[in-house]
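Contents: one structure, followed by commentary.
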Amino acid sequence: MKLTKIKDEIRAIGIDDAPFIPHTKGKTRVFGVITRGNQNIEGIEQVKIEIDGTDATEKLAEMIRTSKHYGQIRVIMLNGITFGGFNIVDIDELAKLTDLPTISVIDTNPNFDSIKIALQKHFEDWETRWDVFTRVRIEQVTIKSNSKPLFFHYSVGDLTADIIKQIFIKTSQRSNSPECIRIAHMIGASFLSKKNI
């Protein structure tokens, strides 16, 4: 899907995960919040993924495609690309599976050296997981004066940094972060997946 003009009430889905016990077996919840512009919540979706698994891209795509709001969503925004530990989302593949442009929003510029070391330490398939990070193109933008920049990277295709800045402006309200991500983070933070509840 090509985005050229960003409407004030663009519908976006913001995605973040719930707390989990690191380096344990099991699943954790991931939440998707659909907002219209920077105010109205249109819907909330959820799915479970394996902690430190490899199913995040597929599970998120399924969650989005089966949402009753799917036809109205114009962009996917993720809080980073790692969910449930190191269950890594390939944003290019997610964009392909959903036919929606995908943006990963990050608070700080990631330290790729430390990420690679952590992957090598904990995963036999670290090279496969690391391959996703080798394709990450980090950019940054300042949305509001006197605010910290947002770091982001985005799926290949028709998105540009200028279009993404417009999306951030249209979907942000009180904070620097898009409302759909901020709310998904708040919902996720209220859950604890220790017992897979």
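Letters A, B, ... go to the chains of the structure tokens in the order shown; residues in each chain start at 1; ligands are counted from 1 in the same order.
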
Can you write out as a Markdown table which residues of segment 43-76 of chain A fall within 12 Å of segment 153-168 of chain A, alongside each residue's closest atom pair and its distance in Å to one decimal, counting only C-alpha atoms and ordering rows by chain and ascending residue number?
| residue | atom | partner | partner_atom | distance |
| --- | --- | --- | --- | --- |
| A:Arg74 | CA | A:Ile167 | CA | 10.2 |
| A:Val75 | CA | A:Ile167 | CA | 8.8 |
| A:Ile76 | CA | A:Tyr154 | CA | 9.8 |

So that I have them on file, write out the residues from the current selection with C-alpha atoms, as a short mmCIF file (atom, residue, chain, number, x, y, z; two decimals), in the first residue's frame.
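Wrote it out as result.cif, contents follow:
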data_model
loop_
_atom_site.label_atom_id
_atom_site.label_comp_id
_atom_site.auth_asym_id
_atom_site.auth_seq_id
_atom_site.Cartn_x
_atom_site.Cartn_y
_atom_site.Cartn_z
CA ARG A 74 -2.91 2.28 6.81
CA VAL A 75 0.35 1.74 8.70
CA ILE A 76 1.90 -0.60 11.28
#

Can you list, as JSON, numbers by chain, all residues belonging to segment 29-65 of chain A that DSSP tags as strand (DSSP E or B)? {"A": [29, 30, 31, 32, 33, 34, 35, 36, 40, 41, 42, 43, 44, 45, 46, 47, 48, 49, 50]}

So that I can see what lies close to Leu119 of chain A, please list as a list in words the residues with an atom at most 12 Å from it, counting only C-alpha atoms and leaving out residues fewer than 2 positions away in the same chain.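 Residues near the query, excluding close chain neighbours: Asp52, Thr82, Gly85, Phe86, Asn87, Ile88, Phe112, Asp113, Ser114, Ile115, Lys116, Ile117, Lys121, His122, Phe123, Glu124, Asp125, Trp126, Glu127, Thr128, Arg129, Trp130, Asp131, Val132 and Phe133 of chain A.
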
May I have the residues from that selection written out with N, CA and C atoms, as an mmCIF file, in the first residue's frame?
data_model
loop_
_atom_site.group_PDB
_atom_site.id
_atom_site.type_symbol
_atom_site.label_atom_id
_atom_site.label_comp_id
_atom_site.auth_asym_id
_atom_site.auth_seq_id
_atom_site.Cartn_x
_atom_site.Cartn_y
_atom_site.Cartn_z
ATOM 1 N N ASP A 52 11.493 -15.673 23.286
ATOM 2 C CA ASP A 52 12.742 -15.971 22.567
ATOM 3 C C ASP A 52 12.519 -16.909 21.376
ATOM 4 N N THR A 82 12.122 -6.365 18.580
ATOM 5 C CA THR A 82 12.250 -7.560 19.413
ATOM 6 C C THR A 82 11.107 -7.604 20.411
ATOM 7 N N GLY A 85 11.511 -11.023 24.432
ATOM 8 C CA GLY A 85 12.957 -11.288 24.443
ATOM 9 C C GLY A 85 13.544 -11.039 23.066
ATOM 10 N N PHE A 86 14.049 -12.103 22.437
ATOM 11 C CA PHE A 86 14.644 -11.970 21.105
ATOM 12 C C PHE A 86 13.811 -12.687 20.045
ATOM 13 N N ASN A 87 12.490 -12.563 20.148
ATOM 14 C CA ASN A 87 11.605 -13.005 19.080
ATOM 15 C C ASN A 87 11.519 -11.816 18.113
ATOM 16 N N ILE A 88 12.264 -11.896 17.041
ATOM 17 C CA ILE A 88 12.551 -10.735 16.204
ATOM 18 C C ILE A 88 11.565 -10.626 15.044
ATOM 19 N N PHE A 112 24.264 -2.114 18.274
ATOM 20 C CA PHE A 112 24.226 -3.364 17.525
ATOM 21 C C PHE A 112 25.317 -4.335 17.963
ATOM 22 N N ASP A 113 26.436 -3.814 18.434
ATOM 23 C CA ASP A 113 27.502 -4.702 18.916
ATOM 24 C C ASP A 113 27.032 -5.530 20.095
ATOM 25 N N SER A 114 26.344 -4.882 21.050
ATOM 26 C CA SER A 114 25.871 -5.607 22.228
ATOM 27 C C SER A 114 24.743 -6.573 21.864
ATOM 28 N N ILE A 115 23.936 -6.204 20.890
ATOM 29 C CA ILE A 115 22.871 -7.106 20.428
ATOM 30 C C ILE A 115 23.483 -8.365 19.829
ATOM 31 N N LYS A 116 24.504 -8.193 19.007
ATOM 32 C CA LYS A 116 25.144 -9.349 18.370
ATOM 33 C C LYS A 116 25.778 -10.268 19.412
ATOM 34 N N ILE A 117 26.428 -9.682 20.405
ATOM 35 C CA ILE A 117 27.054 -10.478 21.466
ATOM 36 C C ILE A 117 25.997 -11.278 22.231
ATOM 37 N N LYS A 121 25.611 -15.391 22.440
ATOM 38 C CA LYS A 121 25.696 -16.036 23.750
ATOM 39 C C LYS A 121 24.515 -16.973 24.006
ATOM 40 N N HIS A 122 23.340 -16.623 23.520
ATOM 41 C CA HIS A 122 22.132 -17.334 23.948
ATOM 42 C C HIS A 122 21.467 -18.209 22.881
ATOM 43 N N PHE A 123 21.852 -18.058 21.611
ATOM 44 C CA PHE A 123 21.095 -18.761 20.571
ATOM 45 C C PHE A 123 22.009 -19.487 19.586
ATOM 46 N N GLU A 124 21.687 -20.745 19.349
ATOM 47 C CA GLU A 124 22.438 -21.508 18.350
ATOM 48 C C GLU A 124 22.187 -20.955 16.946
ATOM 49 N N ASP A 125 20.990 -20.445 16.723
ATOM 50 C CA ASP A 125 20.646 -19.893 15.412
ATOM 51 C C ASP A 125 20.872 -18.378 15.356
ATOM 52 N N TRP A 126 21.881 -17.908 16.084
ATOM 53 C CA TRP A 126 22.093 -16.469 16.208
ATOM 54 C C TRP A 126 22.333 -15.800 14.858
ATOM 55 N N GLU A 127 22.950 -16.492 13.922
ATOM 56 C CA GLU A 127 23.232 -15.874 12.622
ATOM 57 C C GLU A 127 21.950 -15.558 11.865
ATOM 58 N N THR A 128 20.971 -16.455 11.956
ATOM 59 C CA THR A 128 19.682 -16.206 11.304
ATOM 60 C C THR A 128 18.987 -15.004 11.928
ATOM 61 N N ARG A 129 19.021 -14.931 13.252
ATOM 62 C CA ARG A 129 18.398 -13.800 13.942
ATOM 63 C C ARG A 129 19.162 -12.504 13.654
ATOM 64 N N TRP A 130 20.480 -12.595 13.641
ATOM 65 C CA TRP A 130 21.301 -11.417 13.402
ATOM 66 C C TRP A 130 21.085 -10.858 11.997
ATOM 67 N N ASP A 131 20.744 -11.720 11.047
ATOM 68 C CA ASP A 131 20.540 -11.280 9.669
ATOM 69 C C ASP A 131 19.496 -10.170 9.569
ATOM 70 N N VAL A 132 18.461 -10.227 10.409
ATOM 71 C CA VAL A 132 17.437 -9.181 10.392
ATOM 72 C C VAL A 132 18.054 -7.835 10.766
ATOM 73 N N PHE A 133 18.941 -7.847 11.768
ATOM 74 C CA PHE A 133 19.550 -6.597 12.221
ATOM 75 C C PHE A 133 20.505 -6.017 11.177
#

Among segment 65-190 of chain A, which residues does DSSP mark as helix (DSSP H, G or I) when it is run on the backbone? Keep the chain and numbering as in the structure and answer as a VMD selection string. chain A and resid 65 70 to 72 91 to 98 112 to 122 126 to 134 161 to 171 179 to 189

Which is closer to Ile103 of chain A than all the others in A:Ile15, A:Ala61, A:Ile51, A:Ile6, using only C-alpha atoms? A:Ile15

With segment 176-194 of chain A as the partner and 8 Å as the cut-off, tabulate the residues of segment 99-167 of chain A that qualify, each row holding the nearest pair of atoms and their distance in Å to one decimal, using only C-alpha atoms, sorted by chain and rising number, as JSON lines.
{"residue": "A:Ile143", "atom": "CA", "partner": "A:Asn176", "partner_atom": "CA", "distance": 6.9}
{"residue": "A:Lys144", "atom": "CA", "partner": "A:Asn176", "partner_atom": "CA", "distance": 7.3}
{"residue": "A:Ser147", "atom": "CA", "partner": "A:Asn176", "partner_atom": "CA", "distance": 7.1}
{"residue": "A:Lys148", "atom": "CA", "partner": "A:Asn176", "partner_atom": "CA", "distance": 7.7}
{"residue": "A:Leu150", "atom": "CA", "partner": "A:Asn176", "partner_atom": "CA", "distance": 7.5}

I need the residue nearest Val105 of chain A from this list: A:Asp16, A:Asp8, A:Asp90, A:Asp55. Use only C-alpha atoms for the distance.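 Ranking A:Asp16, A:Asp8, A:Asp90, A:Asp55 by distance to Val105 of chain A, first place goes to A:Asp16.
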
Given the choices A:Ile64, A:Leu100, A:Ile106, A:Ile81, which gets closest to Glu139 of chain A if the distance is worked out from only C-alpha atoms? A:Ile106
